[in-house]
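**Q** Got a structure for you, my_file_32.json, holding JSON, C-alpha atoms.
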[["chain", "number", "residue", "atom", "x", "y", "z"],
["A", 1, "MET", "CA", -107.20, -69.89, -54.34],
["A", 2, "GLY", "CA", -105.16, -69.85, -51.14],
["A", 3, "GLU", "CA", -103.32, -72.88, -49.82],
["A", 4, "ARG", "CA", -103.75, -72.05, -46.15],
["A", 5, "LEU", "CA", -106.89, -71.19, -44.20],
["A", 6, "GLU", "CA", -106.75, -69.42, -40.84],
["A", 7, "ILE", "CA", -109.66, -68.76, -38.48],
["A", 8, "VAL", "CA", -109.22, -66.40, -35.54],
["A", 9, "ALA", "CA", -111.89, -65.85, -32.89],
["A", 10, "ILE", "CA", -111.98, -62.13, -32.07],
["A", 11, "PRO", "CA", -112.13, -61.51, -28.30],
["A", 12, "GLY", "CA", -113.34, -58.56, -26.28],
["A", 13, "LEU", "CA", -116.93, -58.06, -27.39],
["A", 14, "GLY", "CA", -118.57, -58.71, -24.01],
["A", 15, "GLU", "CA", -122.26, -59.18, -23.23],
["A", 16, "ILE", "CA", -124.49, -57.43, -25.78],
["A", 17, "VAL", "CA", -127.79, -55.84, -24.76],
["A", 18, "PRO", "CA", -130.52, -54.12, -26.78],
["A", 19, "GLY", "CA", -129.46, -50.68, -27.91],
["A", 20, "ASP", "CA", -125.74, -51.41, -28.04],
["A", 21, "ASP", "CA", -123.93, -49.99, -31.07],
["A", 22, "LEU", "CA", -122.84, -53.42, -32.26],
["A", 23, "PRO", "CA", -121.08, -52.27, -35.47],
["A", 24, "ALA", "CA", -118.89, -49.85, -33.47],
["A", 25, "LEU", "CA", -118.19, -52.46, -30.78],
["A", 26, "ILE", "CA", -117.18, -55.04, -33.40],
["A", 27, "ALA", "CA", -114.96, -52.52, -35.18],
["A", 28, "ASP", "CA", -113.26, -51.73, -31.86],
["A", 29, "ALA", "CA", -112.79, -55.44, -31.09],
["A", 30, "VAL", "CA", -111.19, -56.10, -34.48],
["A", 31, "ALA", "CA", -108.94, -53.05, -34.10],
["A", 32, "ALA", "CA", -107.81, -54.32, -30.68],
["A", 33, "THR", "CA", -106.92, -57.77, -32.04],
["A", 34, "THR", "CA", -103.53, -56.66, -33.29],
["A", 35, "ASP", "CA", -102.37, -60.09, -34.41],
["A", 36, "VAL", "CA", -104.89, -60.02, -37.31],
["A", 37, "LEU", "CA", -103.83, -56.54, -38.45],
["A", 38, "PRO", "CA", -103.40, -55.28, -41.04],
["A", 39, "LEU", "CA", -106.54, -56.73, -42.55],
["A", 40, "GLN", "CA", -106.05, -58.51, -45.85],
["A", 41, "ASP", "CA", -108.00, -58.79, -49.08],
["A", 42, "ASP", "CA", -108.90, -62.44, -48.46],
["A", 43, "ASP", "CA", -110.34, -61.77, -44.98],
["A", 44, "VAL", "CA", -114.01, -62.27, -44.10],
["A", 45, "LEU", "CA", -115.61, -61.51, -40.75],
["A", 46, "VAL", "CA", -118.31, -63.87, -39.49],
["A", 47, "VAL", "CA", -120.70, -62.55, -36.82],
["A", 48, "THR", "CA", -123.18, -64.83, -35.10],
["A", 49, "GLN", "CA", -126.85, -63.99, -35.27],
["A", 50, "LYS", "CA", -127.34, -63.97, -31.51],
["A", 51, "VAL", "CA", -125.37, -60.79, -30.83],
["A", 52, "VAL", "CA", -126.99, -59.06, -33.80],
["A", 53, "SER", "CA", -130.46, -59.97, -32.57],
["A", 54, "LYS", "CA", -129.73, -58.86, -29.01],
["A", 55, "ALA", "CA", -128.25, -55.52, -30.08],
["A", 56, "GLU", "CA", -131.18, -54.82, -32.40],
["A", 57, "GLY", "CA", -133.77, -55.71, -29.76],
["A", 58, "ALA", "CA", -135.05, -58.83, -31.54],
["A", 59, "VAL", "CA", -135.86, -60.28, -28.14],
["A", 60, "VAL", "CA", -139.17, -61.49, -26.70],
["A", 61, "HIS", "CA", -139.85, -61.70, -22.97],
["A", 62, "LEU", "CA", -141.88, -64.85, -22.47],
["A", 63, "THR", "CA", -143.85, -63.31, -19.63],
["A", 64, "THR", "CA", -145.56, -61.15, -22.25],
["A", 65, "VAL", "CA", -146.64, -64.11, -24.39],
["A", 66, "THR", "CA", -150.08, -65.73, -24.20],
["A", 67, "PRO", "CA", -150.01, -69.02, -26.13],
["A", 68, "ARG", "CA", -152.87, -70.06, -28.34],
["A", 69, "PRO", "CA", -154.58, -73.45, -27.75],
["A", 70, "GLU", "CA", -152.63, -75.06, -30.60],
["A", 71, "ALA", "CA", -149.34, -74.06, -28.98],
["A", 72, "ILE", "CA", -150.45, -75.31, -25.57],
["A", 73, "GLU", "CA", -151.55, -78.66, -26.96],
["A", 74, "PHE", "CA", -148.35, -79.20, -28.95],
["A", 75, "ALA", "CA", -146.15, -78.16, -26.03],
["A", 76, "SER", "CA", -147.93, -80.47, -23.59],
["A", 77, "ARG", "CA", -147.42, -83.45, -25.88],
["A", 78, "TYR", "CA", -143.68, -82.90, -26.20],
["A", 79, "ASP", "CA", -142.74, -81.23, -22.88],
["A", 80, "ARG", "CA", -141.98, -77.85, -24.39],
["A", 81, "ASP", "CA", -142.70, -74.32, -23.27],
["A", 82, "PRO", "CA", -146.00, -73.28, -24.90],
["A", 83, "ARG", "CA", -144.88, -69.64, -24.89],
["A", 84, "GLN", "CA", -141.89, -70.50, -27.06],
["A", 85, "ILE", "CA", -144.13, -72.46, -29.41],
["A", 86, "GLU", "CA", -146.41, -69.43, -29.66],
["A", 87, "VAL", "CA", -143.49, -67.17, -30.59],
["A", 88, "VAL", "CA", -142.42, -69.63, -33.30],
["A", 89, "LEU", "CA", -145.94, -69.69, -34.74],
["A", 90, "ARG", "CA", -146.09, -65.89, -34.74],
["A", 91, "GLU", "CA", -142.81, -65.66, -36.65],
["A", 92, "ALA", "CA", -143.83, -68.22, -39.30],
["A", 93, "VAL", "CA", -145.20, -67.35, -42.72],
["A", 94, "ARG", "CA", -145.56, -71.06, -43.46],
["A", 95, "ILE", "CA", -145.56, -74.13, -41.23],
["A", 96, "VAL", "CA", -143.72, -76.89, -43.05],
["A", 97, "ARG", "CA", -144.05, -79.55, -40.35],
["A", 98, "MET", "CA", -145.08, -79.92, -36.72],
["A", 99, "ALA", "CA", -144.17, -83.38, -35.43],
["A", 100, "ASN", "CA", -142.12, -85.15, -32.78],
["A", 101, "GLY", "CA", -141.68, -81.94, -30.81],
["A", 102, "VAL", "CA", -140.10, -80.13, -33.75],
["A", 103, "LEU", "CA", -141.49, -77.21, -35.71],
["A", 104, "ILE", "CA", -140.11, -76.57, -39.18],
["A", 105, "THR", "CA", -141.27, -73.22, -40.48],
["A", 106, "GLU", "CA", -140.55, -70.67, -43.16],
["A", 107, "THR", "CA", -139.65, -67.20, -41.93],
["A", 108, "ARG", "CA", -140.46, -63.91, -43.61],
["A", 109, "HIS", "CA", -136.84, -63.86, -44.76],
["A", 110, "GLY", "CA", -137.46, -67.05, -46.77],
["A", 111, "PHE", "CA", -135.45, -69.33, -44.46],
["A", 112, "VAL", "CA", -136.83, -72.80, -43.79],
["A", 113, "CYS", "CA", -135.50, -73.90, -40.41],
["A", 114, "ALA", "CA", -136.33, -75.41, -37.05],
["A", 115, "ASN", "CA", -138.36, -73.13, -34.76],
["A", 116, "GLY", "CA", -138.20, -70.25, -37.24],
["A", 117, "GLY", "CA", -134.87, -69.16, -35.80],
["A", 118, "VAL", "CA", -136.43, -68.53, -32.38],
["A", 119, "ASP", "CA", -133.77, -69.45, -29.81],
["A", 120, "ALA", "CA", -133.54, -69.66, -26.04],
["A", 121, "SER", "CA", -129.81, -70.43, -25.80],
["A", 122, "ASN", "CA", -126.98, -67.96, -25.16],
["A", 123, "VAL", "CA", -129.42, -65.12, -24.48],
["A", 124, "GLY", "CA", -127.54, -63.71, -21.47],
["A", 125, "PRO", "CA", -128.52, -63.17, -17.83],
["A", 126, "ALA", "CA", -132.26, -63.44, -18.56],
["A", 127, "SER", "CA", -131.85, -67.01, -19.81],
["A", 128, "GLY", "CA", -135.04, -68.97, -19.35],
["A", 129, "SER", "CA", -137.34, -65.97, -19.55],
["A", 130, "VAL", "CA", -136.48, -64.59, -23.00],
["A", 131, "VAL", "CA", -135.95, -65.84, -26.55],
["A", 132, "THR", "CA", -134.27, -64.16, -29.47],
["A", 133, "LEU", "CA", -135.71, -63.79, -32.95],
["A", 134, "LEU", "CA", -133.82, -63.55, -36.20],
["A", 135, "PRO", "CA", -132.69, -60.02, -37.11],
["A", 136, "ASN", "CA", -135.26, -58.14, -39.15],
["A", 137, "ASP", "CA", -132.84, -57.68, -42.08],
["A", 138, "PRO", "CA", -129.57, -59.62, -41.62],
["A", 139, "ASP", "CA", -128.12, -58.21, -44.86],
["A", 140, "ALA", "CA", -128.61, -54.67, -43.56],
["A", 141, "SER", "CA", -127.03, -55.70, -40.26],
["A", 142, "ALA", "CA", -124.00, -56.98, -42.18],
["A", 143, "ASP", "CA", -123.89, -53.73, -44.18],
["A", 144, "ALA", "CA", -123.74, -51.67, -40.98],
["A", 145, "ILE", "CA", -120.91, -53.74, -39.51],
["A", 146, "ARG", "CA", -118.97, -53.51, -42.78],
["A", 147, "ALA", "CA", -119.39, -49.73, -42.87],
["A", 148, "ALA", "CA", -118.22, -49.33, -39.26],
["A", 149, "ILE", "CA", -115.07, -51.38, -39.89],
["A", 150, "ALA", "CA", -114.32, -49.45, -43.07],
["A", 151, "GLU", "CA", -114.58, -46.17, -41.14],
["A", 152, "ARG", "CA", -112.55, -47.44, -38.18],
["A", 153, "LEU", "CA", -109.82, -49.36, -40.03],
["A", 154, "GLY", "CA", -109.96, -48.08, -43.60],
["A", 155, "HIS", "CA", -110.51, -51.57, -45.00],
["A", 156, "ASP", "CA", -113.51, -52.98, -46.88],
["A", 157, "LEU", "CA", -114.03, -56.22, -44.94],
["A", 158, "PRO", "CA", -116.79, -58.56, -46.20],
["A", 159, "ILE", "CA", -119.25, -59.57, -43.48],
["A", 160, "ILE", "CA", -121.34, -62.69, -42.91],
["A", 161, "VAL", "CA", -124.08, -62.97, -40.30],
["A", 162, "SER", "CA", -124.39, -66.64, -39.37],
["A", 163, "ASP", "CA", -126.85, -68.92, -37.60],
["A", 164, "SER", "CA", -127.09, -72.64, -36.86],
["A", 165, "PHE", "CA", -129.41, -74.69, -39.05],
["A", 166, "GLY", "CA", -130.23, -78.37, -39.11],
["A", 167, "ARG", "CA", -130.18, -80.31, -42.37],
["A", 168, "PRO", "CA", -132.62, -82.85, -43.83],
["A", 169, "TRP", "CA", -131.32, -86.42, -43.71],
["A", 170, "ARG", "CA", -128.30, -85.48, -41.57],
["A", 171, "LEU", "CA", -127.86, -85.36, -37.82],
["A", 172, "GLY", "CA", -126.36, -82.29, -36.18],
["A", 173, "ILE", "CA", -126.32, -78.61, -36.99],
["A", 174, "VAL", "CA", -123.99, -76.44, -39.05],
["A", 175, "ASP", "CA", -123.68, -72.68, -39.26],
["A", 176, "VAL", "CA", -124.93, -71.03, -42.45],
["A", 177, "ALA", "CA", -125.06, -67.47, -43.70],
["A", 178, "ILE", "CA", -128.31, -65.58, -43.07],
["A", 179, "GLY", "CA", -126.89, -62.20, -44.11],
["A", 180, "VAL", "CA", -124.00, -61.03, -46.29],
["A", 181, "SER", "CA", -122.28, -57.81, -47.28],
["A", 182, "GLY", "CA", -119.37, -57.40, -49.66],
["A", 183, "LEU", "CA", -119.15, -60.94, -51.03],
["A", 184, "LEU", "CA", -121.17, -63.21, -53.29],
["A", 185, "PRO", "CA", -122.81, -66.02, -51.29],
["A", 186, "LEU", "CA", -122.64, -68.42, -54.23],
["A", 187, "ASP", "CA", -119.80, -69.34, -56.60],
["A", 188, "ASP", "CA", -121.40, -70.63, -59.79],
["A", 189, "LEU", "CA", -118.94, -72.99, -61.51],
["A", 190, "ARG", "CA", -121.35, -74.27, -64.14],
["A", 191, "GLY", "CA", -119.72, -74.14, -67.55],
["A", 192, "ALA", "CA", -116.19, -74.14, -66.14],
["A", 193, "PRO", "CA", -113.87, -77.14, -66.58],
["A", 194, "ASP", "CA", -112.95, -79.30, -63.61],
["A", 195, "ALA", "CA", -109.38, -80.51, -62.93],
["A", 196, "ASP", "CA", -109.76, -83.10, -65.69],
["A", 197, "GLY", "CA", -111.14, -80.67, -68.24],
["A", 198, "ARG", "CA", -114.70, -81.94, -67.88],
["A", 199, "VAL", "CA", -117.26, -79.13, -68.03],
["A", 200, "MET", "CA", -119.23, -78.85, -64.79],
["A", 201, "ARG", "CA", -122.98, -78.72, -65.28],
["A", 202, "SER", "CA", -124.44, -78.32, -61.79],
["A", 203, "THR", "CA", -121.70, -77.23, -59.37],
["A", 204, "VAL", "CA", -122.56, -74.10, -57.38],
["A", 205, "ARG", "CA", -120.50, -73.61, -54.22],
["A", 206, "ALA", "CA", -122.34, -72.25, -51.19],
["A", 207, "VAL", "CA", -119.33, -70.12, -50.27],
["A", 208, "ALA", "CA", -120.94, -67.96, -47.58],
["A", 209, "ASP", "CA", -122.33, -71.04, -45.84],
["A", 210, "GLU", "CA", -118.91, -72.72, -45.98],
["A", 211, "LEU", "CA", -117.26, -69.67, -44.44],
["A", 212, "ALA", "CA", -119.91, -69.48, -41.71],
["A", 213, "SER", "CA", -119.46, -73.15, -40.86],
["A", 214, "ALA", "CA", -115.68, -72.86, -40.84],
["A", 215, "ALA", "CA", -115.84, -69.92, -38.45],
["A", 216, "GLU", "CA", -118.09, -71.84, -36.06],
["A", 217, "LEU", "CA", -115.31, -74.38, -35.50],
["A", 218, "ALA", "CA", -113.30, -71.60, -33.85],
["A", 219, "LEU", "CA", -116.25, -69.97, -32.10],
["A", 220, "GLY", "CA", -118.05, -72.97, -30.61],
["A", 221, "LYS", "CA", -121.44, -72.76, -28.92],
["A", 222, "THR", "CA", -120.48, -72.25, -25.29],
["A", 223, "ALA", "CA", -117.33, -70.08, -25.29],
["A", 224, "ASN", "CA", -119.06, -66.68, -25.61],
["A", 225, "ARG", "CA", -117.08, -65.89, -28.76],
["A", 226, "PRO", "CA", -119.50, -64.46, -31.36],
["A", 227, "ILE", "CA", -117.14, -63.13, -34.07],
["A", 228, "ALA", "CA", -114.32, -64.70, -36.06],
["A", 229, "LEU", "CA", -112.04, -63.65, -38.88],
["A", 230, "VAL", "CA", -111.56, -66.16, -41.69],
["A", 231, "ARG", "CA", -108.37, -65.59, -43.68],
["A", 232, "GLY", "CA", -107.19, -67.28, -46.86],
["A", 233, "ALA", "CA", -110.49, -68.63, -48.22],
["A", 234, "SER", "CA", -111.51, -68.51, -51.86],
["A", 235, "PHE", "CA", -114.50, -66.23, -52.44],
["A", 236, "ARG", "CA", -115.65, -63.50, -54.80],
["A", 237, "ARG", "CA", -116.28, -59.95, -53.72],
["A", 238, "GLY", "CA", -119.48, -58.32, -54.84],
["A", 239, "GLU", "CA", -122.78, -56.84, -53.73],
["A", 240, "ALA", "CA", -125.48, -59.43, -53.16],
["A", 241, "ARG", "CA", -128.27, -60.35, -50.76],
["A", 242, "ILE", "CA", -128.69, -63.69, -49.05],
["A", 243, "ARG", "CA", -132.08, -64.27, -50.64],
["A", 244, "GLY", "CA", -130.23, -65.06, -53.86],
["A", 245, "ALA", "CA", -128.85, -68.17, -52.18],
["A", 246, "LEU", "CA", -132.28, -69.53, -51.22],
["A", 247, "MET", "CA", -133.96, -72.27, -53.21],
["A", 248, "PRO", "CA", -136.76, -70.82, -55.38],
["A", 249, "ALA", "CA", -140.16, -72.38, -54.74],
["A", 250, "GLU", "CA", -140.44, -73.53, -58.35],
["A", 251, "THR", "CA", -137.29, -75.68, -58.07],
["A", 252, "ASP", "CA", -137.85, -76.91, -54.52],
["A", 253, "LEU", "CA", -138.47, -80.66, -54.88],
["A", 254, "PHE", "CA", -139.57, -81.01, -51.25],
["A", 255, "ARG", "CA", -142.02, -78.11, -50.94]]
What do you get writing this file as structure tokens?

**A**
Amino acid sequence: MGERLEIVAIPGLGEIVPGDDLPALIADAVAATTDVLPLQDDDVLVVTQKVVSKAEGAVVHLTTVTPRPEAIEFASRYDRDPRQIEVVLREAVRIVRMANGVLITETRHGFVCANGGVDASNVGPASGSVVTLLPNDPDASADAIRAAIAERLGHDLPIIVSDSFGRPWRLGIVDVAIGVSGLLPLDDLRGAPDADGRVMRSTVRAVADELASAAELALGKTANRPIALVRGASFRRGEARIRGALMPAETDLFR
């Protein structure tokens, strides 16, 4: 475990549009940030979902959306755009709650989040007329970025794709991992002794989520900085998918 944690926002990516080769652009941006080179074994790169979604074309033009009556009624009650509500409903495999202007849904990825990950912020010049969806397969997106960096820089750099989620019983949002490549999203400490020698029975660290949230402190929400290198954190390398970090239905006490 390192004693010092460093987070560096990587500049130079620019505005991303559908069809851009995002993995190559990210690899070039990291290569141009000479003060983080050479890359180290305890480095992790965090990439925000928005640029991944835009590059992969996970974008919906609201002018093409015809909302259903349920979306129109809900939007009119809470002063929301019925077209956005319609997109959220289309993306949902399960509606957890619709109340107070908020939709909590489950996505096909298994994420339970507000608005199903549909987002109208930081979408670029077409702001107001488009929304982004979650990437189709965030783990695969992370794999592609990892492969491009390995080819460009000769270093196996673990990748996290992050997004902002709210939390039950807490105000505010934090960034969490929605895709991973090259690291284990969880660190299971059950059965290991704590600092006093007491065996831990339930401690499982959400390492990928912690790294995503740490990176967001350097990225912010309005600075147009979508990638950050986290150096010095404690994590375990390995091949895993983010679904392994999701709560199984049979142990979800709030389902």

**Q** From the set A:Pro185, A:Val204, A:Asp21, A:Asn115, which residue has the shortest atom-to-atom contact distance to Lys54 (chain A), counting all atoms listed in the file?

**A**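 Closest residue, counting all atoms listed in the file: A:Asp21.
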
**Q** What is the CA of Ile72 (chain A) to CA of Ile85 (chain A) distance in Å?

**A**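 Value for the CA of Ile72 (chain A)-CA of Ile85 (chain A) distance: 7.9 Å.
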
**Q** Quick one, how far is CA of Thr66 (chain A) from CA of Gly117 (chain A)?

**A**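 About the pair CA of Thr66 (chain A) and CA of Gly117 (chain A): they are 19.4 Å apart.
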
**Q** What does the structure give for the distance between CA of Phe74 (chain A) and CA of Ala58 (chain A), in Å to one decimal?

**A** 24.5 Å

**Q** Counting all atoms listed in the file, select every polymer residue within 6 Å of (-121.9, -60.8, -54.7) as defined in the file's coordinates, and provide the selection as a PDB file with C-alpha atoms, in the frame of the given file.

**A**
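out06.pdb, freshly written:
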ATOM      1  CA  LEU A 183    -119.150 -60.940 -51.030  1.00  0.00           C
ATOM      2  CA  LEU A 184    -121.170 -63.210 -53.290  1.00  0.00           C
ATOM      3  CA  ARG A 237    -116.280 -59.950 -53.720  1.00  0.00           C
ATOM      4  CA  GLY A 238    -119.480 -58.320 -54.840  1.00  0.00           C
ATOM      5  CA  GLU A 239    -122.780 -56.840 -53.730  1.00  0.00           C
ATOM      6  CA  ALA A 240    -125.480 -59.430 -53.160  1.00  0.00           C
TER       7      ALA A 240
END

**Q** Please, which residues are within 9 Å of (-112.0, -56.9, -46.6) by the file's coordinates, counting only C-alpha atoms, and could they come as an mmCIF file with C-alpha atoms, in the coordinates of the input?

**A**
data_model
loop_
_atom_site.group_PDB
_atom_site.id
_atom_site.type_symbol
_atom_site.label_atom_id
_atom_site.label_comp_id
_atom_site.auth_asym_id
_atom_site.auth_seq_id
_atom_site.Cartn_x
_atom_site.Cartn_y
_atom_site.Cartn_z
ATOM 1 C CA LEU A 39 -106.540 -56.730 -42.550
ATOM 2 C CA GLN A 40 -106.050 -58.510 -45.850
ATOM 3 C CA ASP A 41 -108.000 -58.790 -49.080
ATOM 4 C CA ASP A 42 -108.900 -62.440 -48.460
ATOM 5 C CA ASP A 43 -110.340 -61.770 -44.980
ATOM 6 C CA VAL A 44 -114.010 -62.270 -44.100
ATOM 7 C CA LEU A 45 -115.610 -61.510 -40.750
ATOM 8 C CA ARG A 146 -118.970 -53.510 -42.780
ATOM 9 C CA ALA A 150 -114.320 -49.450 -43.070
ATOM 10 C CA HIS A 155 -110.510 -51.570 -45.000
ATOM 11 C CA ASP A 156 -113.510 -52.980 -46.880
ATOM 12 C CA LEU A 157 -114.030 -56.220 -44.940
ATOM 13 C CA PRO A 158 -116.790 -58.560 -46.200
ATOM 14 C CA ILE A 159 -119.250 -59.570 -43.480
ATOM 15 C CA GLY A 182 -119.370 -57.400 -49.660
ATOM 16 C CA ARG A 237 -116.280 -59.950 -53.720
#

**Q** Choose the residue, out of A:Gly172, A:Pro135, A:Gly19, A:Gly179, that has the smallest atom-to-atom separation from Ala245 (chain A); count all atoms listed in the file.

**A**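 Counting all atoms listed in the file, the residue closest to Ala245 (chain A) is A:Gly179.
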
**Q** Measuring atom to atom with all atoms listed in the file, identify which of A:Val118, A:Gln84, A:Glu91, A:Val59 is nearest to Glu106 (chain A).

**A**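 Between A:Val118, A:Gln84, A:Glu91, A:Val59, the residue approaching Glu106 (chain A) most closely is A:Glu91.
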